[in-house]
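Asker: One file: query-v3.cif (mmCIF, N, CA and C atoms).
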```cif
data_work
loop_
_atom_site.label_atom_id
_atom_site.label_comp_id
_atom_site.auth_asym_id
_atom_site.auth_seq_id
_atom_site.Cartn_x
_atom_site.Cartn_y
_atom_site.Cartn_z
N MET A 1 -2.59 -15.25 -32.44
CA MET A 1 -2.22 -15.76 -31.14
C MET A 1 -1.98 -14.59 -30.20
N ILE A 2 -2.45 -14.74 -28.97
CA ILE A 2 -2.27 -13.71 -27.95
C ILE A 2 -1.14 -14.13 -27.02
N LEU A 3 -0.20 -13.24 -26.81
CA LEU A 3 0.92 -13.53 -25.93
C LEU A 3 0.64 -12.92 -24.56
N LEU A 4 0.67 -13.77 -23.50
CA LEU A 4 0.42 -13.31 -22.15
C LEU A 4 1.69 -13.42 -21.32
N ASP A 5 1.89 -12.49 -20.39
CA ASP A 5 3.01 -12.66 -19.48
C ASP A 5 2.59 -13.59 -18.34
N SER A 6 3.50 -13.92 -17.48
CA SER A 6 3.23 -14.88 -16.41
C SER A 6 2.07 -14.46 -15.52
N THR A 7 2.03 -13.21 -15.15
CA THR A 7 0.95 -12.72 -14.29
C THR A 7 -0.39 -12.84 -14.98
N GLN A 8 -0.44 -12.50 -16.25
CA GLN A 8 -1.70 -12.60 -16.99
C GLN A 8 -2.13 -14.06 -17.12
N THR A 9 -1.19 -14.93 -17.35
CA THR A 9 -1.50 -16.36 -17.47
C THR A 9 -2.07 -16.89 -16.16
N LEU A 10 -1.41 -16.58 -15.06
CA LEU A 10 -1.89 -17.04 -13.76
C LEU A 10 -3.26 -16.44 -13.44
N SER A 11 -3.45 -15.18 -13.77
CA SER A 11 -4.76 -14.55 -13.55
C SER A 11 -5.85 -15.23 -14.37
N ALA A 12 -5.51 -15.60 -15.60
CA ALA A 12 -6.48 -16.29 -16.46
C ALA A 12 -6.82 -17.66 -15.90
N VAL A 13 -5.83 -18.38 -15.40
CA VAL A 13 -6.09 -19.69 -14.78
C VAL A 13 -6.97 -19.51 -13.56
N ARG A 14 -6.68 -18.51 -12.75
CA ARG A 14 -7.48 -18.27 -11.55
C ARG A 14 -8.93 -17.96 -11.92
N ARG A 15 -9.12 -17.05 -12.90
CA ARG A 15 -10.48 -16.71 -13.34
C ARG A 15 -11.22 -17.93 -13.87
N SER A 16 -10.50 -18.78 -14.59
CA SER A 16 -11.12 -19.99 -15.12
C SER A 16 -11.57 -20.92 -13.99
N LEU A 17 -10.72 -21.07 -12.99
CA LEU A 17 -11.10 -21.91 -11.84
C LEU A 17 -12.34 -21.35 -11.16
N GLU A 18 -12.33 -20.03 -10.98
CA GLU A 18 -13.44 -19.40 -10.29
C GLU A 18 -14.73 -19.47 -11.11
N THR A 19 -14.62 -19.23 -12.40
CA THR A 19 -15.79 -19.16 -13.26
C THR A 19 -16.33 -20.52 -13.67
N HIS A 20 -15.43 -21.42 -14.07
CA HIS A 20 -15.88 -22.66 -14.70
C HIS A 20 -15.80 -23.89 -13.80
N VAL A 21 -15.00 -23.85 -12.78
CA VAL A 21 -14.83 -25.03 -11.94
C VAL A 21 -15.57 -24.88 -10.61
N LEU A 22 -15.28 -23.81 -9.90
CA LEU A 22 -15.84 -23.61 -8.57
C LEU A 22 -17.37 -23.65 -8.59
N GLY A 23 -17.96 -23.03 -9.59
CA GLY A 23 -19.42 -22.96 -9.67
C GLY A 23 -20.13 -24.28 -9.87
N VAL A 24 -19.44 -25.28 -10.39
CA VAL A 24 -20.11 -26.56 -10.67
C VAL A 24 -19.74 -27.66 -9.68
N LEU A 25 -18.89 -27.35 -8.73
CA LEU A 25 -18.50 -28.37 -7.76
C LEU A 25 -19.52 -28.47 -6.63
N ASP A 26 -19.97 -29.69 -6.39
CA ASP A 26 -20.91 -29.93 -5.29
C ASP A 26 -20.19 -30.40 -4.03
N ASP A 27 -19.08 -31.08 -4.23
CA ASP A 27 -18.34 -31.64 -3.11
C ASP A 27 -17.62 -30.52 -2.34
N SER A 28 -17.88 -30.39 -1.05
CA SER A 28 -17.32 -29.29 -0.27
C SER A 28 -15.80 -29.38 -0.17
N PHE A 29 -15.25 -30.59 -0.10
CA PHE A 29 -13.80 -30.73 -0.03
C PHE A 29 -13.15 -30.30 -1.35
N ALA A 30 -13.76 -30.66 -2.46
CA ALA A 30 -13.23 -30.26 -3.77
C ALA A 30 -13.30 -28.74 -3.91
N ARG A 31 -14.40 -28.14 -3.46
CA ARG A 31 -14.52 -26.67 -3.51
C ARG A 31 -13.42 -26.03 -2.68
N LEU A 32 -13.17 -26.60 -1.52
CA LEU A 32 -12.13 -26.09 -0.63
C LEU A 32 -10.75 -26.15 -1.30
N GLN A 33 -10.50 -27.23 -2.01
CA GLN A 33 -9.22 -27.38 -2.70
C GLN A 33 -9.07 -26.33 -3.81
N VAL A 34 -10.14 -26.06 -4.52
CA VAL A 34 -10.09 -25.04 -5.58
C VAL A 34 -9.90 -23.66 -4.97
N LEU A 35 -10.60 -23.37 -3.88
CA LEU A 35 -10.42 -22.07 -3.21
C LEU A 35 -8.98 -21.90 -2.73
N ALA A 36 -8.40 -22.94 -2.18
CA ALA A 36 -7.01 -22.87 -1.72
C ALA A 36 -6.06 -22.68 -2.91
N ALA A 37 -6.34 -23.33 -4.01
CA ALA A 37 -5.51 -23.16 -5.21
C ALA A 37 -5.60 -21.73 -5.74
N MET A 38 -6.79 -21.16 -5.70
CA MET A 38 -6.96 -19.78 -6.14
C MET A 38 -6.17 -18.82 -5.24
N LYS A 39 -6.20 -19.07 -3.94
CA LYS A 39 -5.44 -18.24 -3.00
C LYS A 39 -3.94 -18.36 -3.27
N ALA A 40 -3.49 -19.57 -3.56
CA ALA A 40 -2.07 -19.78 -3.88
C ALA A 40 -1.69 -19.05 -5.16
N LEU A 41 -2.56 -19.07 -6.15
CA LEU A 41 -2.30 -18.32 -7.39
C LEU A 41 -2.21 -16.83 -7.11
N ASP A 42 -3.09 -16.32 -6.25
CA ASP A 42 -3.04 -14.91 -5.88
C ASP A 42 -1.68 -14.57 -5.25
N ASP A 43 -1.19 -15.46 -4.40
CA ASP A 43 0.10 -15.24 -3.74
C ASP A 43 1.22 -15.20 -4.77
N VAL A 44 1.20 -16.14 -5.71
CA VAL A 44 2.25 -16.17 -6.74
C VAL A 44 2.19 -14.91 -7.61
N ILE A 45 0.99 -14.50 -7.97
CA ILE A 45 0.83 -13.28 -8.76
C ILE A 45 1.40 -12.08 -8.01
N ASP A 46 1.09 -12.00 -6.73
CA ASP A 46 1.62 -10.89 -5.93
C ASP A 46 3.14 -10.91 -5.89
N ARG A 47 3.73 -12.08 -5.74
CA ARG A 47 5.19 -12.18 -5.69
C ARG A 47 5.82 -11.82 -7.04
N LEU A 48 5.16 -12.17 -8.12
CA LEU A 48 5.67 -11.79 -9.43
C LEU A 48 5.62 -10.28 -9.62
N GLN A 49 4.57 -9.66 -9.11
CA GLN A 49 4.40 -8.22 -9.29
C GLN A 49 5.22 -7.40 -8.30
N ARG A 50 5.31 -7.88 -7.05
CA ARG A 50 5.92 -7.06 -5.99
C ARG A 50 7.20 -7.65 -5.42
N GLY A 51 7.58 -8.82 -5.86
CA GLY A 51 8.79 -9.45 -5.33
C GLY A 51 8.53 -10.24 -4.05
N ASP A 52 9.60 -10.83 -3.55
CA ASP A 52 9.53 -11.65 -2.35
C ASP A 52 9.22 -10.77 -1.15
N PRO A 53 8.20 -11.11 -0.37
CA PRO A 53 7.85 -10.28 0.78
C PRO A 53 8.98 -10.17 1.81
N ILE A 54 9.89 -11.10 1.82
CA ILE A 54 11.01 -11.02 2.77
C ILE A 54 11.89 -9.82 2.47
N ASP A 55 11.97 -9.43 1.20
CA ASP A 55 12.73 -8.22 0.84
C ASP A 55 12.13 -6.99 1.52
N ARG A 56 10.81 -6.89 1.46
CA ARG A 56 10.14 -5.74 2.09
C ARG A 56 10.31 -5.78 3.61
N ALA A 57 10.21 -6.96 4.18
CA ALA A 57 10.39 -7.10 5.63
C ALA A 57 11.81 -6.72 6.04
N ASN A 58 12.79 -7.19 5.27
CA ASN A 58 14.18 -6.83 5.58
C ASN A 58 14.38 -5.33 5.52
N GLU A 59 13.81 -4.70 4.50
CA GLU A 59 13.95 -3.24 4.36
C GLU A 59 13.36 -2.52 5.57
N ARG A 60 12.17 -2.97 6.02
CA ARG A 60 11.53 -2.34 7.18
C ARG A 60 12.38 -2.54 8.44
N VAL A 61 12.88 -3.78 8.62
CA VAL A 61 13.69 -4.06 9.81
C VAL A 61 14.96 -3.22 9.79
N GLU A 62 15.63 -3.16 8.66
CA GLU A 62 16.87 -2.39 8.58
C GLU A 62 16.61 -0.90 8.82
N ALA A 63 15.55 -0.37 8.26
CA ALA A 63 15.21 1.04 8.48
C ALA A 63 14.87 1.28 9.95
N GLY A 64 14.13 0.38 10.53
CA GLY A 64 13.77 0.51 11.95
C GLY A 64 14.99 0.43 12.85
N LEU A 65 15.91 -0.47 12.51
CA LEU A 65 17.13 -0.59 13.31
C LEU A 65 17.99 0.67 13.20
N ARG A 66 18.09 1.23 11.98
CA ARG A 66 18.84 2.48 11.81
C ARG A 66 18.23 3.60 12.66
N SER A 67 16.93 3.68 12.62
CA SER A 67 16.22 4.71 13.39
C SER A 67 16.43 4.49 14.89
N LEU A 68 16.33 3.25 15.33
CA LEU A 68 16.53 2.93 16.74
C LEU A 68 17.96 3.28 17.17
N ALA A 69 18.93 2.90 16.36
CA ALA A 69 20.33 3.20 16.69
C ALA A 69 20.52 4.71 16.84
N ASP A 70 19.95 5.47 15.92
CA ASP A 70 20.09 6.93 15.99
C ASP A 70 19.43 7.49 17.25
N SER A 71 18.30 6.92 17.63
CA SER A 71 17.57 7.47 18.78
C SER A 71 18.17 7.09 20.13
N VAL A 72 18.97 6.02 20.18
CA VAL A 72 19.56 5.59 21.47
C VAL A 72 21.05 5.89 21.55
N ARG A 73 21.59 6.48 20.52
CA ARG A 73 23.04 6.70 20.47
C ARG A 73 23.55 7.50 21.68
N GLY A 74 22.80 8.46 22.15
CA GLY A 74 23.22 9.27 23.29
C GLY A 74 23.17 8.52 24.61
N GLU A 75 22.11 7.76 24.82
CA GLU A 75 21.93 7.05 26.10
C GLU A 75 22.61 5.70 26.15
N SER A 76 22.73 5.02 25.01
CA SER A 76 23.34 3.68 24.95
C SER A 76 24.24 3.59 23.72
N PRO A 77 25.36 4.28 23.74
CA PRO A 77 26.22 4.30 22.54
C PRO A 77 26.73 2.92 22.13
N GLY A 78 27.01 2.06 23.09
CA GLY A 78 27.48 0.70 22.75
C GLY A 78 26.40 -0.10 22.05
N PHE A 79 25.16 0.07 22.51
CA PHE A 79 24.03 -0.62 21.89
C PHE A 79 23.84 -0.12 20.46
N ALA A 80 23.93 1.20 20.28
CA ALA A 80 23.79 1.79 18.94
C ALA A 80 24.90 1.29 18.02
N GLU A 81 26.12 1.19 18.54
CA GLU A 81 27.22 0.67 17.72
C GLU A 81 27.01 -0.79 17.36
N SER A 82 26.43 -1.56 18.27
CA SER A 82 26.14 -2.96 17.98
C SER A 82 25.09 -3.07 16.87
N ILE A 83 24.11 -2.19 16.89
CA ILE A 83 23.10 -2.17 15.82
C ILE A 83 23.78 -1.82 14.50
N ASP A 84 24.63 -0.80 14.53
CA ASP A 84 25.36 -0.41 13.32
C ASP A 84 26.16 -1.59 12.77
N SER A 85 26.80 -2.33 13.65
CA SER A 85 27.59 -3.49 13.24
C SER A 85 26.70 -4.57 12.64
N LEU A 86 25.56 -4.79 13.27
CA LEU A 86 24.61 -5.78 12.73
C LEU A 86 24.15 -5.37 11.33
N LEU A 87 23.83 -4.11 11.15
CA LEU A 87 23.39 -3.63 9.84
C LEU A 87 24.49 -3.78 8.80
N SER A 88 25.70 -3.53 9.19
CA SER A 88 26.84 -3.69 8.29
C SER A 88 27.01 -5.15 7.89
N SER A 89 26.88 -6.05 8.86
CA SER A 89 26.99 -7.49 8.57
C SER A 89 25.88 -7.94 7.63
N ALA A 90 24.66 -7.48 7.89
CA ALA A 90 23.52 -7.88 7.06
C ALA A 90 23.67 -7.35 5.64
N ALA A 91 24.23 -6.16 5.50
CA ALA A 91 24.37 -5.55 4.17
C ALA A 91 25.25 -6.38 3.25
N SER A 92 26.14 -7.18 3.82
CA SER A 92 27.04 -7.98 2.99
C SER A 92 26.42 -9.31 2.56
N VAL A 93 25.18 -9.59 3.00
CA VAL A 93 24.50 -10.84 2.66
C VAL A 93 23.53 -10.57 1.52
N ASP A 94 23.73 -11.25 0.39
CA ASP A 94 22.92 -10.99 -0.80
C ASP A 94 21.55 -11.68 -0.79
N GLN A 95 21.49 -12.92 -0.34
CA GLN A 95 20.24 -13.68 -0.37
C GLN A 95 19.27 -13.18 0.70
N PRO A 96 18.06 -12.79 0.30
CA PRO A 96 17.12 -12.18 1.25
C PRO A 96 16.82 -13.03 2.48
N ARG A 97 16.64 -14.31 2.30
CA ARG A 97 16.30 -15.15 3.46
C ARG A 97 17.51 -15.34 4.37
N ASP A 98 18.69 -15.40 3.80
CA ASP A 98 19.90 -15.45 4.62
C ASP A 98 20.08 -14.13 5.37
N ARG A 99 19.76 -13.04 4.69
CA ARG A 99 19.86 -11.73 5.32
C ARG A 99 18.89 -11.63 6.49
N ALA A 100 17.68 -12.14 6.31
CA ALA A 100 16.68 -12.14 7.39
C ALA A 100 17.19 -12.96 8.58
N ARG A 101 17.85 -14.08 8.29
CA ARG A 101 18.40 -14.91 9.36
C ARG A 101 19.47 -14.15 10.13
N VAL A 102 20.36 -13.47 9.41
CA VAL A 102 21.42 -12.69 10.05
C VAL A 102 20.80 -11.60 10.94
N LEU A 103 19.80 -10.92 10.41
CA LEU A 103 19.13 -9.88 11.19
C LEU A 103 18.46 -10.48 12.43
N GLY A 104 17.79 -11.59 12.26
CA GLY A 104 17.10 -12.22 13.39
C GLY A 104 18.06 -12.68 14.47
N GLU A 105 19.13 -13.35 14.05
CA GLU A 105 20.12 -13.81 15.03
C GLU A 105 20.79 -12.63 15.72
N GLY A 106 21.10 -11.59 14.96
CA GLY A 106 21.72 -10.41 15.55
C GLY A 106 20.82 -9.71 16.54
N ASN A 107 19.53 -9.61 16.21
CA ASN A 107 18.58 -8.99 17.13
C ASN A 107 18.45 -9.80 18.41
N THR A 108 18.46 -11.11 18.27
CA THR A 108 18.40 -11.97 19.46
C THR A 108 19.59 -11.71 20.38
N GLU A 109 20.76 -11.59 19.79
CA GLU A 109 21.96 -11.30 20.59
C GLU A 109 21.86 -9.93 21.26
N LEU A 110 21.34 -8.94 20.54
CA LEU A 110 21.18 -7.61 21.12
C LEU A 110 20.22 -7.63 22.31
N ILE A 111 19.14 -8.36 22.18
CA ILE A 111 18.15 -8.45 23.26
C ILE A 111 18.78 -9.11 24.48
N ARG A 112 19.59 -10.12 24.28
CA ARG A 112 20.23 -10.84 25.39
C ARG A 112 21.18 -9.96 26.20
N ARG A 113 21.59 -8.85 25.65
CA ARG A 113 22.53 -7.96 26.35
C ARG A 113 21.88 -7.24 27.51
N HIS A 114 20.57 -7.19 27.53
CA HIS A 114 19.82 -6.53 28.61
C HIS A 114 20.24 -5.07 28.80
N ASP A 115 20.57 -4.44 27.71
CA ASP A 115 20.85 -3.01 27.72
C ASP A 115 19.53 -2.28 27.96
N PRO A 116 19.56 -1.11 28.56
CA PRO A 116 18.31 -0.36 28.74
C PRO A 116 17.54 -0.14 27.42
N ALA A 117 18.26 -0.07 26.30
CA ALA A 117 17.60 0.15 25.01
C ALA A 117 17.01 -1.14 24.43
N SER A 118 17.29 -2.28 25.06
CA SER A 118 16.77 -3.56 24.56
C SER A 118 15.25 -3.57 24.49
N ARG A 119 14.60 -2.94 25.48
CA ARG A 119 13.14 -2.91 25.52
C ARG A 119 12.58 -2.24 24.27
N ARG A 120 13.23 -1.19 23.83
CA ARG A 120 12.77 -0.51 22.62
C ARG A 120 12.94 -1.39 21.40
N LEU A 121 14.02 -2.17 21.38
CA LEU A 121 14.22 -3.12 20.28
C LEU A 121 13.12 -4.17 20.28
N VAL A 122 12.81 -4.70 21.46
CA VAL A 122 11.75 -5.72 21.56
C VAL A 122 10.42 -5.13 21.09
N ASP A 123 10.11 -3.92 21.49
CA ASP A 123 8.86 -3.27 21.07
C ASP A 123 8.82 -3.13 19.54
N PHE A 124 9.94 -2.68 18.97
CA PHE A 124 10.00 -2.54 17.50
C PHE A 124 9.80 -3.89 16.83
N LEU A 125 10.49 -4.93 17.30
CA LEU A 125 10.38 -6.25 16.69
C LEU A 125 8.98 -6.84 16.85
N ASN A 126 8.33 -6.58 17.97
CA ASN A 126 6.95 -7.04 18.14
C ASN A 126 6.02 -6.36 17.14
N GLY A 127 6.24 -5.08 16.90
CA GLY A 127 5.45 -4.38 15.89
C GLY A 127 5.69 -4.94 14.50
N GLU A 128 6.94 -5.26 14.20
CA GLU A 128 7.26 -5.84 12.89
C GLU A 128 6.63 -7.22 12.75
N ALA A 129 6.65 -8.00 13.82
CA ALA A 129 6.03 -9.33 13.77
C ALA A 129 4.53 -9.22 13.50
N ALA A 130 3.90 -8.22 14.10
CA ALA A 130 2.47 -8.00 13.85
C ALA A 130 2.22 -7.63 12.39
N THR A 131 3.09 -6.80 11.83
CA THR A 131 2.97 -6.41 10.42
C THR A 131 3.10 -7.62 9.51
N VAL A 132 4.10 -8.45 9.76
CA VAL A 132 4.32 -9.65 8.94
C VAL A 132 3.12 -10.60 9.06
N THR A 133 2.61 -10.76 10.27
CA THR A 133 1.45 -11.63 10.48
C THR A 133 0.24 -11.12 9.69
N LEU A 134 0.04 -9.82 9.72
CA LEU A 134 -1.08 -9.23 8.97
C LEU A 134 -0.89 -9.44 7.47
N GLU A 135 0.33 -9.22 6.98
CA GLU A 135 0.59 -9.42 5.55
C GLU A 135 0.40 -10.89 5.17
N ASP A 136 0.89 -11.80 6.00
CA ASP A 136 0.77 -13.23 5.70
C ASP A 136 -0.69 -13.70 5.72
N SER A 137 -1.49 -13.08 6.56
CA SER A 137 -2.88 -13.51 6.68
C SER A 137 -3.64 -13.32 5.37
N THR A 138 -3.15 -12.42 4.53
CA THR A 138 -3.77 -12.20 3.22
C THR A 138 -3.78 -13.49 2.40
N TRP A 139 -2.76 -14.33 2.59
CA TRP A 139 -2.60 -15.52 1.76
C TRP A 139 -3.12 -16.78 2.41
N MET A 140 -3.79 -16.65 3.54
CA MET A 140 -4.40 -17.82 4.18
C MET A 140 -5.79 -18.04 3.61
N CYS A 141 -6.09 -19.29 3.38
CA CYS A 141 -7.41 -19.62 2.85
C CYS A 141 -8.37 -19.76 4.03
N GLN A 142 -9.16 -18.71 4.27
CA GLN A 142 -10.06 -18.68 5.42
C GLN A 142 -11.03 -19.86 5.42
N GLU A 143 -11.49 -20.24 4.25
CA GLU A 143 -12.43 -21.36 4.17
C GLU A 143 -11.76 -22.65 4.66
N ALA A 144 -10.49 -22.82 4.34
CA ALA A 144 -9.77 -24.03 4.80
C ALA A 144 -9.62 -24.01 6.32
N ILE A 145 -9.32 -22.86 6.86
CA ILE A 145 -9.18 -22.74 8.31
C ILE A 145 -10.52 -23.02 8.99
N GLU A 146 -11.56 -22.46 8.46
CA GLU A 146 -12.90 -22.69 9.04
C GLU A 146 -13.31 -24.15 8.95
N SER A 147 -12.87 -24.84 7.93
CA SER A 147 -13.25 -26.25 7.78
C SER A 147 -12.61 -27.13 8.84
N LEU A 148 -11.55 -26.65 9.47
CA LEU A 148 -10.86 -27.43 10.50
C LEU A 148 -11.54 -27.30 11.86
N GLN A 149 -12.44 -26.35 11.98
CA GLN A 149 -13.09 -26.12 13.29
C GLN A 149 -14.30 -26.97 13.48
#
```
Output the file's structure in the form of structure tokens.

Answerer:
Amino acid sequence: MILLDSTQTLSAVRRSLETHVLGVLDDSFARLQVLAAMKALDDVIDRLQRGDPIDRANERVEAGLRSLADSVRGESPGFAESIDSLLSSAASVDQPRDRARVLGEGNTELIRRHDPASRRLVDFLNGEAATVTLEDSTWMCQEAIESLQ
């Protein structure tokens, strides 16, 4: 008997779908469903290997906020202190998605302050949103999207 870990099992299921099922399906909707299932398996495999993508996003946001706070400390010390406070609050939240919510709500409040440094925060957050969108696009089933057009 061969013992496989979860990633190997999911990879084997994916290969089987691709090799033995996808090739014999004539119905375009059924093919689309198998392609979407394969993409979902790829996403699960990635999460098993690399963890929840929200963890990586939180790390990037926190690092970016630290860097921003350091760079504006001279010109906007109150804004920098508010960022420091937000980072401190987020650090006490264990659940990654809750932490992302705290960071998001805190950033919204910082932007509403209309501090001169707010524009730099918005630029940073727009860049992060683009990064997340690019990462998420990996897990979209292009064939399914094309079928809707």

Asker: Any idea what's packed within 10 Å of segment 127-139 of chain A, counting only C-alpha atoms, ignoring anything in its chain fewer than 2 positions away? Could you give it as a list in words?

Answerer: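 What passes the distance filter is Ala36, Met38, Lys39, Ala40, Leu41, Asp42, Asp43, Val44, Asp46, Pro53, Ile54, Arg56, Ala57, Arg60, Val61, Gly64, Leu121, Val122, Asp123, Phe124, Leu125, Cys141 and Gln142 of chain A.
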
Asker: What does the distance between atom N of Ile45 of chain A and atom C of Ser11 of chain A come to in Å, to one decimal place?

Answerer: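 Distance between the two atoms: 9.4 Å.
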
Asker: Rounded to one decimal, what separation in Å do you get between atom CA of Leu87 of chain A and atom CA of Gln49 of chain A?

Answerer: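 That distance, rounded to one decimal, is 27.3 Å.
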
Asker: Distance atom CA of Pro77 of chain A-atom CA of Leu65 of chain A, one decimal place?

Answerer: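 Going from atom CA of Pro77 of chain A over to atom CA of Leu65 of chain A, I get 13.8 Å.
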
Asker: I'd like the contact shell of segment 100-115 of chain A - 7 Å cut-off, only C-alpha atoms, skipping same-chain residues fewer than 5 positions apart - returned as a PyMOL selection string.

Answerer: chain A and resi 58+86+90

Asker: I need the residue nearest Glu81 of chain A from this list: A:Asp27, A:Ala69, A:Glu59, A:Leu10. Use only C-alpha atoms for the distance.

Answerer: A:Ala69

Asker: Write out as a PyMOL selection string the set of residues from segment 88-118 of chain A that DSSP, computed on the backbone, places in helix (DSSP H, G or I).

Answerer: chain A and resi 88-91+96-112+118

Asker: If the box runs along x, y and z of the file and leaves 3 Å on each side of segment 106-125 of chain A, what are its centre and edge lengths in Å, one decimal, as AutoDock Vina command-line options?

Answerer:
```
--center_x 15.7 --center_y -5.9 --center_z 21.9 --size_x 19.7 --size_y 18.1 --size_z 19.8
```

Asker: Carefully work through the PyMOL selection byres ((chain A and resi 79) around 8) for this structure and note down the residues it includes, as number ranges by chain.

Answerer: A: 68-69, 72-73, 75-78, 80-85, 110, 115, 117-118
